[in-house]
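Student: Can you keep this structure in mind? I'll have questions shortly.
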Amino acid sequence: MTALRHTWQVALRYIRALLRQPAWVGISLVQPVIWLLLFGALFRRTADIPGFTGGSYIEFLTPGVVVMLAVSSAGWVGMGFIEDINRGTMDRLLVSPIWRGALNLGSVAQSVLSIVIQSVIVIGLSLAVGAHFHNGVAGVGVLVAVAGLLGAVFASLSNGVAVLTRQRETLIGIVTMVTLPLTFLSSALMQQSLLPSWIRWIAKFNPVNWAAEAGRSAAGTNADWGLIATRTGFLALLLLASAAFATHAFNAYQRSV
Amino acid sequence: MKAIEASNLRKTYRGGVRALDGLSLEVEAGTIFGLLGPNGAGKSTTVKILTTLSRADSGEARVAGLDVVRDAERVRHSIGVVGQKPGLDPEATGRENLEMQAEIYGIRGAARRERVVELLERLGLAEAGGRLAKTYSGGMQRRLDVALGLVNRPKVLFLDEPTTGLDPEARAELWREIERLAGEEEMTILLTTHYLEEADRLASRLVIVDRGRIVAEGSPEDLKSELRGDTVQVELAESKNGDATAAVQHLPGVSELTLDGRLLRARVDNGAAAIPSMITALERGGLRVAAATIARPSLDDVYLRHAGRSFQQADTDTKEVAA
């Protein structure tokens with residue numbers, strides 16, 4: 001109970017701070033719209049490639065954009081930790097009896113909430129322009145859940161790296177270096193069978209691809225529940241590992257101060 | 001009863017900076033204890049170890065009777081910490097800051113409401129409670145930090161350089177509040193400072209820390225009275241004064257002569273008697289005197305005597321090392 005309460009307090013703190021920044025709220029709401037419309041227009045002819053079986057490109061693209069948004073917004077979560085460390089806020093929390101796991105999980109909860117809202121906007125917009133999700137609410141629900149899970153993994157990694165490096169520039173560098181290649185080494189924007197074979201091989205080990213596969217399958221015509229279960233399972237295991245990493249990073253931090 | 005006991009703490013940071021070099025101290029419950037020293041002396045490192053933020057490489061420490069490593073969780077329930085850097089969340093209001101802190105210590109519901117109101121009033125933040133902390137003045141932010149440190153009614157309160165960066169008025173106000181806490185709430189307070197007057201005013205006992213070790217310990221009065229006599233400062237008219245020390249060192253009752261530019265300092269048994277003979281001796285040596293002052297011993301003199309350099313000098317040395 002204490003663990004949950006502390007997590008909620010940390011989450012509440014970050015959520016409140018974000019809601020007080022109207023520019024951030026505005027950008028977060030508009031960004032999914034821009035991405036979906038831009039990628040939709042740019043890659044529209046993809047649907048004409050021989051061998052493409054995804055139906056309309058916007059239907060194919062929507063899960064990909066949802067996954068991309070999750071990765072790109074979760075990657076920056078660690079910036080909040082760096083600010084907390086540079087001020088004395090983190091030290092104040094670390095000398096209090098707060099449950100250590102709550103520091104990461106509270107911040108992750110805020111990130112997942114943003115991702116869920118952004119995902120709902122993307123899905124709503126794509127429905128508005130004529131996309132059709134065959135498994136209805138359940139399928140879309142799984143897509144959003146998988147995106148949230150992937151976001152939680154990246155938010156935890158971002159927090160862990162933030163605590164270890166404590167440098168804005170380093171975190172920016174790492175996030176920029178990691179997120180785009182991971183997105184392009186996946187089936188987020190292109191059907192798996194049309195990927196070059198070496199990318200297809202790498203994609204097997206790429207969590208972004210696990211989320212794209214599972215989310216697309218759940219929202220698409222013939223949901224492959226076996227595939228969805230294994231990919232979700234991989235992501236859940238990865239979340240356990242990355243949350244443990246972020247929480248244990250504080251031990252290294254406390255040894256160095 | 002001892003509220004804090006530390007023995008033989010050592011800590012070396014990565015890169016080889018030795019912050020603590022066998023520091024030991026004991027603090028009697030219910031007192032204000034001062035840790036005085038220049039920047040970089042090891043005061044903050046001591047506080048970090050005692051408050052469970054950091055760990056010593058070796059040595060042991062107990063706070064409120066609990067080992068800071070083995071019983072860290074219980075220590076955290078018993079202490080309040082006001083760090084050198086502001087611990088408040090600037091993007092939250094004063095009230096929200098206190099509410100979250102209360103929840104962390106398990107103070108909830110009506111008890112939480114009462115405690116928050118009480119602390120806001122007590123620290124003069126009742127009207128500002130609904131405003132974001134980032135809009136507060138420096139003095140108000142410091143008071144909110146103190147309020148955050150008091151939420152759990154700690155047995156031991158740590159104040160790390162609490163008045164650094166405050167204007168004189170805000171500083172005096174915080175001093176009064178600290179005295180009130182020690183008096184009314186019977187709290188043990190460990191205070192670090194590099195202001196000599198702050199330690200003199202607040203602490204009933206203090207230690208002087210230099211280069212990670214304690215070089216002197218006692219009440220401010222003990223430490224000052226340990227220095228017999230007065231300090232005499234003679235300002236020479238010209239800077240060519242190489243033989244100034246030679247001119248006065250044979251005078252009876254004059255000791256601990258130092259020459260810093262045009263400023264000659266000496267410890268004498270009786271200032272009023274020593275000044276005329278010092279001036280005569282200097283002028284006989286062809287040195288003109290611009291001014292002479294007598295001072296009762298200050299903690300600065302105590303520091304000079306135990307650390308072998310003046311307080312300002314030690315501060316400058318540290319800054320140069322850091323730069």
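By convention here, the chains of the structure tokens are called A, B, ... in the order presented, each chain's residues are numbered starting at 1, and ligands are numbered starting at 1 in the order presented.
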Counting only C-alpha atoms, collect the residues of chain A whose closest atom lies at most 10 Å from chain B, and write them out as a PyMOL selection string.
Tutor: chain A and resi 2-3+5-10+12-14+16-18+20-21+84-99+251+253-257
Student: Keeping only N, CA and C atoms, take the residues you just selected and write them out as a short mmCIF file (atom, residue, chain, number, x, y, z; two decimals), in the first residue's frame.
Tutor:
```cif
data_model
loop_
_atom_site.label_atom_id
_atom_site.label_comp_id
_atom_site.auth_asym_id
_atom_site.auth_seq_id
_atom_site.Cartn_x
_atom_site.Cartn_y
_atom_site.Cartn_z
N THR A 2 1.87 1.25 0.91
CA THR A 2 2.78 2.39 0.96
C THR A 2 3.43 2.60 -0.40
N ALA A 3 3.83 1.49 -1.03
CA ALA A 3 4.49 1.58 -2.33
C ALA A 3 3.58 2.27 -3.33
N ARG A 5 0.95 4.24 -2.72
CA ARG A 5 0.69 5.63 -2.33
C ARG A 5 1.85 6.53 -2.72
N HIS A 6 3.07 6.04 -2.46
CA HIS A 6 4.24 6.84 -2.80
C HIS A 6 4.35 7.02 -4.32
N THR A 7 4.07 5.94 -5.06
CA THR A 7 4.11 6.04 -6.52
C THR A 7 3.11 7.07 -7.01
N TRP A 8 1.93 7.03 -6.44
CA TRP A 8 0.89 7.98 -6.84
C TRP A 8 1.33 9.42 -6.54
N GLN A 9 1.95 9.63 -5.37
CA GLN A 9 2.40 10.98 -5.02
C GLN A 9 3.44 11.51 -6.02
N VAL A 10 4.36 10.64 -6.42
CA VAL A 10 5.37 11.06 -7.39
C VAL A 10 4.72 11.35 -8.73
N LEU A 12 1.62 12.19 -9.32
CA LEU A 12 0.79 13.39 -9.18
C LEU A 12 1.64 14.64 -9.34
N ARG A 13 2.81 14.62 -8.74
CA ARG A 13 3.71 15.76 -8.78
C ARG A 13 4.10 16.07 -10.24
N TYR A 14 4.49 15.03 -11.00
CA TYR A 14 4.91 15.27 -12.39
C TYR A 14 3.73 15.65 -13.27
N ARG A 16 0.96 17.19 -12.42
CA ARG A 16 0.56 18.55 -12.12
C ARG A 16 1.50 19.57 -12.76
N ALA A 17 2.80 19.27 -12.67
CA ALA A 17 3.78 20.20 -13.24
C ALA A 17 3.59 20.32 -14.75
N LEU A 18 3.27 19.21 -15.42
CA LEU A 18 3.10 19.26 -16.87
C LEU A 18 1.83 20.01 -17.25
N ARG A 20 0.59 22.37 -15.86
CA ARG A 20 0.77 23.81 -15.66
C ARG A 20 1.57 24.45 -16.78
N GLN A 21 1.95 23.65 -17.77
CA GLN A 21 2.67 24.22 -18.91
C GLN A 21 1.79 24.11 -20.15
N ASP A 84 15.58 17.38 -11.16
CA ASP A 84 15.41 17.11 -9.73
C ASP A 84 16.75 16.91 -9.03
N ILE A 85 17.70 16.30 -9.76
CA ILE A 85 19.01 16.06 -9.16
C ILE A 85 19.79 17.37 -9.08
N ASN A 86 19.73 18.16 -10.14
CA ASN A 86 20.49 19.42 -10.15
C ASN A 86 19.98 20.39 -9.10
N ARG A 87 18.64 20.45 -8.95
CA ARG A 87 18.14 21.15 -7.76
C ARG A 87 18.39 20.18 -6.62
N GLY A 88 17.88 20.42 -5.45
CA GLY A 88 18.10 19.45 -4.38
C GLY A 88 16.90 18.54 -4.18
N THR A 89 15.91 18.60 -5.10
CA THR A 89 14.67 17.87 -4.87
C THR A 89 14.90 16.38 -4.70
N MET A 90 15.76 15.81 -5.56
CA MET A 90 15.98 14.37 -5.49
C MET A 90 16.66 14.00 -4.17
N ASP A 91 17.63 14.81 -3.73
CA ASP A 91 18.31 14.51 -2.47
C ASP A 91 17.32 14.55 -1.31
N ARG A 92 16.40 15.53 -1.37
CA ARG A 92 15.40 15.62 -0.31
C ARG A 92 14.56 14.33 -0.26
N LEU A 93 14.18 13.82 -1.44
CA LEU A 93 13.38 12.60 -1.47
C LEU A 93 14.20 11.39 -1.02
N LEU A 94 15.49 11.39 -1.37
CA LEU A 94 16.32 10.22 -1.03
C LEU A 94 16.63 10.13 0.46
N VAL A 95 16.57 11.23 1.20
CA VAL A 95 16.77 11.13 2.65
C VAL A 95 15.43 10.97 3.38
N SER A 96 14.34 10.85 2.63
CA SER A 96 13.04 10.60 3.23
C SER A 96 12.75 9.11 3.12
N PRO A 97 11.75 8.61 3.88
CA PRO A 97 11.47 7.16 3.81
C PRO A 97 10.63 6.77 2.59
N ILE A 98 10.72 7.52 1.50
CA ILE A 98 9.93 7.17 0.31
C ILE A 98 10.43 5.83 -0.24
N TRP A 99 9.49 5.02 -0.73
CA TRP A 99 9.85 3.74 -1.36
C TRP A 99 10.65 4.05 -2.63
N ASN A 251 21.47 3.73 -6.24
CA ASN A 251 22.56 3.26 -5.37
C ASN A 251 23.89 3.81 -5.88
N TYR A 253 24.26 6.47 -7.67
CA TYR A 253 24.23 7.92 -7.43
C TYR A 253 24.62 8.22 -5.99
N GLN A 254 24.03 7.48 -5.04
CA GLN A 254 24.29 7.77 -3.63
C GLN A 254 25.73 7.44 -3.23
N ARG A 255 26.35 6.49 -3.95
CA ARG A 255 27.76 6.22 -3.66
C ARG A 255 28.64 7.37 -4.12
N SER A 256 28.16 8.12 -5.11
CA SER A 256 29.03 9.15 -5.71
C SER A 256 28.84 10.54 -5.10
N VAL A 257 27.83 10.71 -4.23
CA VAL A 257 27.64 12.05 -3.65
C VAL A 257 28.28 12.14 -2.26
#
```
Student: Enumerate the residues of segment 85-234 of chain A with a DSSP assignment of alpha helix (DSSP H), computed from the backbone, and present them as a compact mmCIF listing (two decimals) with N, CA and C atoms, in the first residue's frame.
Tutor:
```
# COMPACT_ATOMS: atom_id res chain seq x y z
N ILE A 85 17.70 16.30 -9.76
CA ILE A 85 19.01 16.06 -9.16
C ILE A 85 19.79 17.37 -9.08
N ASN A 86 19.73 18.16 -10.14
CA ASN A 86 20.49 19.42 -10.15
C ASN A 86 19.98 20.39 -9.10
N THR A 89 15.91 18.60 -5.10
CA THR A 89 14.67 17.87 -4.87
C THR A 89 14.90 16.38 -4.70
N MET A 90 15.76 15.81 -5.56
CA MET A 90 15.98 14.37 -5.49
C MET A 90 16.66 14.00 -4.17
N ASP A 91 17.63 14.81 -3.73
CA ASP A 91 18.31 14.51 -2.47
C ASP A 91 17.32 14.55 -1.31
N ARG A 92 16.40 15.53 -1.37
CA ARG A 92 15.40 15.62 -0.31
C ARG A 92 14.56 14.33 -0.26
N LEU A 93 14.18 13.82 -1.44
CA LEU A 93 13.38 12.60 -1.47
C LEU A 93 14.20 11.39 -1.02
N LEU A 94 15.49 11.39 -1.37
CA LEU A 94 16.32 10.22 -1.03
C LEU A 94 16.63 10.13 0.46
N ARG A 100 11.86 3.50 -2.74
CA ARG A 100 12.76 3.86 -3.84
C ARG A 100 12.15 3.63 -5.22
N GLY A 101 11.42 2.51 -5.36
CA GLY A 101 10.81 2.19 -6.65
C GLY A 101 9.81 3.23 -7.11
N ALA A 102 9.22 3.96 -6.15
CA ALA A 102 8.19 4.95 -6.50
C ALA A 102 8.77 6.09 -7.33
N LEU A 103 10.04 6.38 -7.15
CA LEU A 103 10.63 7.50 -7.88
C LEU A 103 10.55 7.24 -9.38
N ASN A 104 10.98 6.03 -9.80
CA ASN A 104 10.90 5.70 -11.23
C ASN A 104 9.45 5.44 -11.64
N LEU A 105 8.75 4.60 -10.88
CA LEU A 105 7.41 4.20 -11.33
C LEU A 105 6.44 5.38 -11.38
N GLY A 106 6.57 6.34 -10.48
CA GLY A 106 5.71 7.52 -10.52
C GLY A 106 5.94 8.32 -11.79
N SER A 107 7.21 8.47 -12.14
CA SER A 107 7.54 9.20 -13.34
C SER A 107 7.09 8.42 -14.58
N VAL A 108 7.23 7.09 -14.54
CA VAL A 108 6.76 6.23 -15.63
C VAL A 108 5.24 6.35 -15.79
N ALA A 109 4.54 6.39 -14.67
CA ALA A 109 3.08 6.48 -14.73
C ALA A 109 2.64 7.75 -15.45
N GLN A 110 3.34 8.85 -15.18
CA GLN A 110 3.02 10.11 -15.86
C GLN A 110 3.25 9.96 -17.36
N SER A 111 4.37 9.31 -17.72
CA SER A 111 4.70 9.14 -19.13
C SER A 111 3.66 8.26 -19.82
N VAL A 112 3.25 7.17 -19.15
CA VAL A 112 2.27 6.26 -19.75
C VAL A 112 0.93 6.98 -19.95
N LEU A 113 0.56 7.81 -18.99
CA LEU A 113 -0.69 8.56 -19.13
C LEU A 113 -0.64 9.45 -20.38
N SER A 114 0.47 10.16 -20.59
CA SER A 114 0.60 11.00 -21.79
C SER A 114 0.50 10.14 -23.04
N ILE A 115 1.15 8.98 -23.02
CA ILE A 115 1.15 8.11 -24.20
C ILE A 115 -0.26 7.62 -24.52
N VAL A 116 -1.01 7.24 -23.48
CA VAL A 116 -2.38 6.76 -23.70
C VAL A 116 -3.22 7.87 -24.34
N ILE A 117 -3.08 9.09 -23.84
CA ILE A 117 -3.86 10.19 -24.40
C ILE A 117 -3.47 10.44 -25.85
N GLN A 118 -2.17 10.46 -26.12
CA GLN A 118 -1.71 10.68 -27.50
C GLN A 118 -2.17 9.56 -28.42
N SER A 119 -2.13 8.31 -27.93
CA SER A 119 -2.55 7.18 -28.76
C SER A 119 -4.03 7.28 -29.11
N VAL A 120 -4.83 7.68 -28.13
CA VAL A 120 -6.27 7.80 -28.37
C VAL A 120 -6.52 8.87 -29.44
N ILE A 121 -5.74 9.95 -29.41
CA ILE A 121 -5.89 10.99 -30.43
C ILE A 121 -5.56 10.45 -31.82
N VAL A 122 -4.46 9.72 -31.93
CA VAL A 122 -4.07 9.17 -33.23
C VAL A 122 -5.14 8.23 -33.74
N ILE A 123 -5.61 7.35 -32.87
CA ILE A 123 -6.60 6.35 -33.30
C ILE A 123 -7.91 7.05 -33.70
N GLY A 124 -8.30 8.03 -32.90
CA GLY A 124 -9.52 8.78 -33.20
C GLY A 124 -9.42 9.47 -34.55
N LEU A 125 -8.28 10.09 -34.80
CA LEU A 125 -8.09 10.80 -36.06
C LEU A 125 -8.09 9.83 -37.24
N SER A 126 -7.46 8.69 -37.06
CA SER A 126 -7.40 7.78 -38.20
C SER A 126 -8.78 7.18 -38.48
N LEU A 127 -9.59 6.98 -37.41
CA LEU A 127 -10.99 6.58 -37.64
C LEU A 127 -11.72 7.67 -38.42
N ALA A 128 -11.43 8.92 -38.08
CA ALA A 128 -12.12 10.04 -38.72
C ALA A 128 -11.80 10.13 -40.20
N GLY A 136 -12.30 -4.01 -33.14
CA GLY A 136 -13.05 -3.09 -32.30
C GLY A 136 -12.27 -2.60 -31.10
N VAL A 137 -13.01 -2.34 -30.05
CA VAL A 137 -12.43 -1.72 -28.85
C VAL A 137 -11.34 -2.61 -28.24
N ALA A 138 -11.57 -3.94 -28.26
CA ALA A 138 -10.60 -4.84 -27.65
C ALA A 138 -9.26 -4.73 -28.38
N GLY A 139 -9.32 -4.75 -29.71
CA GLY A 139 -8.09 -4.68 -30.50
C GLY A 139 -7.36 -3.37 -30.26
N VAL A 140 -8.12 -2.28 -30.31
CA VAL A 140 -7.53 -0.96 -30.10
C VAL A 140 -6.98 -0.86 -28.67
N GLY A 141 -7.71 -1.43 -27.72
CA GLY A 141 -7.26 -1.42 -26.33
C GLY A 141 -5.91 -2.10 -26.17
N VAL A 142 -5.75 -3.25 -26.86
CA VAL A 142 -4.47 -3.95 -26.79
C VAL A 142 -3.36 -3.09 -27.39
N LEU A 143 -3.66 -2.43 -28.51
CA LEU A 143 -2.67 -1.56 -29.16
C LEU A 143 -2.20 -0.47 -28.18
N VAL A 144 -3.16 0.18 -27.54
CA VAL A 144 -2.81 1.26 -26.60
C VAL A 144 -2.00 0.70 -25.43
N ALA A 145 -2.42 -0.48 -24.94
CA ALA A 145 -1.72 -1.08 -23.79
C ALA A 145 -0.29 -1.42 -24.15
N VAL A 146 -0.09 -1.97 -25.36
CA VAL A 146 1.25 -2.34 -25.79
C VAL A 146 2.12 -1.09 -25.94
N ALA A 147 1.53 -0.01 -26.47
CA ALA A 147 2.27 1.25 -26.60
C ALA A 147 2.67 1.76 -25.22
N GLY A 148 1.74 1.66 -24.26
CA GLY A 148 2.04 2.10 -22.89
C GLY A 148 3.17 1.28 -22.28
N LEU A 149 3.14 -0.03 -22.53
CA LEU A 149 4.17 -0.93 -22.01
C LEU A 149 5.54 -0.56 -22.58
N LEU A 150 5.56 -0.33 -23.91
CA LEU A 150 6.82 0.05 -24.56
C LEU A 150 7.31 1.40 -24.00
N GLY A 151 6.37 2.33 -23.82
CA GLY A 151 6.72 3.64 -23.25
C GLY A 151 7.30 3.49 -21.86
N ALA A 152 6.72 2.60 -21.06
CA ALA A 152 7.20 2.40 -19.68
C ALA A 152 8.64 1.87 -19.70
N VAL A 153 8.94 0.98 -20.67
CA VAL A 153 10.30 0.46 -20.79
C VAL A 153 11.27 1.62 -21.08
N PHE A 154 10.93 2.42 -22.08
CA PHE A 154 11.85 3.50 -22.48
C PHE A 154 11.94 4.60 -21.42
N ALA A 155 10.84 4.88 -20.74
CA ALA A 155 10.87 5.89 -19.67
C ALA A 155 11.80 5.42 -18.55
N SER A 156 11.72 4.13 -18.20
CA SER A 156 12.60 3.60 -17.14
C SER A 156 14.06 3.67 -17.56
N LEU A 157 14.33 3.28 -18.81
CA LEU A 157 15.72 3.34 -19.28
C LEU A 157 16.21 4.78 -19.25
N SER A 158 15.34 5.71 -19.69
CA SER A 158 15.71 7.12 -19.71
C SER A 158 16.01 7.61 -18.29
N ASN A 159 15.18 7.22 -17.33
CA ASN A 159 15.41 7.61 -15.93
C ASN A 159 16.73 7.04 -15.41
N GLY A 160 16.98 5.79 -15.70
CA GLY A 160 18.20 5.15 -15.23
C GLY A 160 19.44 5.86 -15.78
N VAL A 161 19.41 6.12 -17.09
CA VAL A 161 20.54 6.82 -17.71
C VAL A 161 20.69 8.22 -17.12
N ALA A 162 19.55 8.88 -16.86
CA ALA A 162 19.59 10.23 -16.29
C ALA A 162 20.27 10.22 -14.93
N VAL A 163 19.93 9.24 -14.09
CA VAL A 163 20.52 9.20 -12.74
C VAL A 163 22.02 8.90 -12.82
N LEU A 164 22.39 8.04 -13.77
CA LEU A 164 23.81 7.68 -13.86
C LEU A 164 24.66 8.80 -14.46
N THR A 165 24.12 9.50 -15.48
CA THR A 165 24.95 10.52 -16.16
C THR A 165 24.75 11.91 -15.57
N ARG A 168 22.26 16.74 -19.03
CA ARG A 168 21.23 16.90 -20.06
C ARG A 168 21.76 16.50 -21.44
N GLU A 169 22.93 17.03 -21.78
CA GLU A 169 23.49 16.82 -23.12
C GLU A 169 23.68 15.33 -23.41
N THR A 170 24.15 14.60 -22.40
CA THR A 170 24.38 13.18 -22.59
C THR A 170 23.06 12.47 -22.86
N LEU A 171 22.04 12.81 -22.09
CA LEU A 171 20.75 12.15 -22.26
C LEU A 171 20.17 12.49 -23.64
N ILE A 172 20.26 13.76 -24.04
CA ILE A 172 19.75 14.16 -25.36
C ILE A 172 20.45 13.35 -26.45
N GLY A 173 21.77 13.25 -26.33
CA GLY A 173 22.56 12.50 -27.31
C GLY A 173 22.11 11.06 -27.40
N ILE A 174 21.97 10.42 -26.25
CA ILE A 174 21.62 9.00 -26.24
C ILE A 174 20.21 8.79 -26.81
N VAL A 175 19.26 9.63 -26.38
CA VAL A 175 17.88 9.46 -26.85
C VAL A 175 17.81 9.63 -28.36
N THR A 176 18.49 10.68 -28.86
CA THR A 176 18.47 10.93 -30.30
C THR A 176 19.11 9.77 -31.06
N MET A 177 20.21 9.25 -30.49
CA MET A 177 20.94 8.20 -31.18
C MET A 177 20.14 6.90 -31.21
N VAL A 178 19.37 6.64 -30.17
CA VAL A 178 18.73 5.33 -30.02
C VAL A 178 17.34 5.26 -30.66
N THR A 179 16.51 6.31 -30.45
CA THR A 179 15.09 6.12 -30.78
C THR A 179 14.83 6.02 -32.29
N LEU A 180 15.41 6.90 -33.09
CA LEU A 180 15.11 6.84 -34.52
C LEU A 180 15.58 5.53 -35.16
N PRO A 181 16.84 5.13 -34.96
CA PRO A 181 17.26 3.84 -35.54
C PRO A 181 16.37 2.68 -35.09
N LEU A 182 15.99 2.67 -33.81
CA LEU A 182 15.14 1.56 -33.36
C LEU A 182 13.80 1.57 -34.09
N THR A 183 13.29 2.77 -34.36
CA THR A 183 12.02 2.86 -35.08
C THR A 183 12.18 2.36 -36.51
N PHE A 184 13.30 2.74 -37.15
CA PHE A 184 13.49 2.33 -38.55
C PHE A 184 13.93 0.88 -38.68
N SER A 197 16.23 -8.16 -45.60
CA SER A 197 16.32 -9.32 -44.70
C SER A 197 17.16 -9.02 -43.47
N TRP A 198 18.23 -8.21 -43.59
CA TRP A 198 19.06 -7.95 -42.40
C TRP A 198 18.31 -7.12 -41.37
N ILE A 199 17.45 -6.20 -41.85
CA ILE A 199 16.65 -5.42 -40.90
C ILE A 199 15.63 -6.33 -40.23
N ARG A 200 15.05 -7.25 -41.04
CA ARG A 200 14.07 -8.17 -40.48
C ARG A 200 14.70 -9.01 -39.36
N TRP A 201 15.98 -9.36 -39.56
CA TRP A 201 16.68 -10.17 -38.55
C TRP A 201 16.89 -9.37 -37.27
N ILE A 202 17.38 -8.12 -37.44
CA ILE A 202 17.62 -7.27 -36.26
C ILE A 202 16.31 -6.99 -35.53
N ALA A 203 15.26 -6.79 -36.32
CA ALA A 203 13.97 -6.41 -35.75
C ALA A 203 13.43 -7.45 -34.75
N PRO A 207 12.63 -4.18 -29.26
CA PRO A 207 11.36 -4.03 -28.53
C PRO A 207 10.35 -3.14 -29.27
N VAL A 208 10.85 -2.16 -30.06
CA VAL A 208 9.92 -1.33 -30.81
C VAL A 208 9.16 -2.20 -31.80
N ASN A 209 9.88 -3.16 -32.39
CA ASN A 209 9.22 -4.05 -33.35
C ASN A 209 8.24 -4.98 -32.65
N TRP A 210 8.60 -5.47 -31.45
CA TRP A 210 7.65 -6.33 -30.71
C TRP A 210 6.33 -5.58 -30.53
N ALA A 211 6.43 -4.30 -30.11
CA ALA A 211 5.22 -3.52 -29.88
C ALA A 211 4.47 -3.27 -31.18
N ALA A 212 5.20 -2.97 -32.26
CA ALA A 212 4.55 -2.71 -33.55
C ALA A 212 3.82 -3.95 -34.04
N GLU A 213 4.48 -5.11 -33.95
CA GLU A 213 3.86 -6.37 -34.40
C GLU A 213 2.59 -6.67 -33.60
N ALA A 214 2.74 -6.60 -32.26
CA ALA A 214 1.61 -6.97 -31.40
C ALA A 214 0.46 -5.99 -31.58
N GLY A 215 0.78 -4.70 -31.60
CA GLY A 215 -0.27 -3.67 -31.72
C GLY A 215 -0.99 -3.77 -33.06
N ARG A 216 -0.20 -4.00 -34.12
CA ARG A 216 -0.81 -4.06 -35.46
C ARG A 216 -1.67 -5.31 -35.60
N SER A 217 -1.17 -6.40 -35.04
CA SER A 217 -1.93 -7.65 -35.13
C SER A 217 -3.26 -7.50 -34.38
N ALA A 218 -3.22 -6.88 -33.21
CA ALA A 218 -4.43 -6.74 -32.41
C ALA A 218 -5.45 -5.84 -33.09
N ALA A 219 -4.98 -4.81 -33.78
CA ALA A 219 -5.91 -3.88 -34.41
C ALA A 219 -6.35 -4.36 -35.79
N TRP A 225 -3.28 -14.05 -31.65
CA TRP A 225 -3.18 -13.87 -30.20
C TRP A 225 -1.95 -14.51 -29.60
N GLY A 226 -1.45 -15.56 -30.25
CA GLY A 226 -0.20 -16.17 -29.79
C GLY A 226 0.94 -15.18 -29.89
N LEU A 227 1.02 -14.54 -31.08
CA LEU A 227 2.08 -13.56 -31.30
C LEU A 227 1.93 -12.38 -30.33
N ILE A 228 0.68 -11.95 -30.16
CA ILE A 228 0.44 -10.81 -29.26
C ILE A 228 0.90 -11.16 -27.84
N ALA A 229 0.59 -12.38 -27.40
CA ALA A 229 0.94 -12.78 -26.04
C ALA A 229 2.45 -12.84 -25.85
N THR A 230 3.17 -13.45 -26.84
CA THR A 230 4.62 -13.56 -26.65
C THR A 230 5.27 -12.18 -26.67
N ARG A 231 4.88 -11.32 -27.61
CA ARG A 231 5.51 -9.98 -27.70
C ARG A 231 5.22 -9.15 -26.45
N THR A 232 3.97 -9.26 -25.97
CA THR A 232 3.63 -8.53 -24.74
C THR A 232 4.44 -9.06 -23.57
N GLY A 233 4.62 -10.40 -23.56
CA GLY A 233 5.41 -11.02 -22.50
C GLY A 233 6.86 -10.52 -22.51
N PHE A 234 7.46 -10.46 -23.72
CA PHE A 234 8.83 -9.94 -23.84
C PHE A 234 8.90 -8.52 -23.27
```
Student: Have a look at atom CA of Gly212 of chain B and atom CA of Gly22 of chain B and let me know their distance in Å, one decimal.
Tutor: 7.3 Å
Student: What's the 10 Å shell around Leu37 of chain A, counting only C-alpha atoms, without same-chain residues fewer than 2 positions away, as number ranges by chain?
Tutor: A: 32-35, 39-42, 58, 122, 125-126, 129
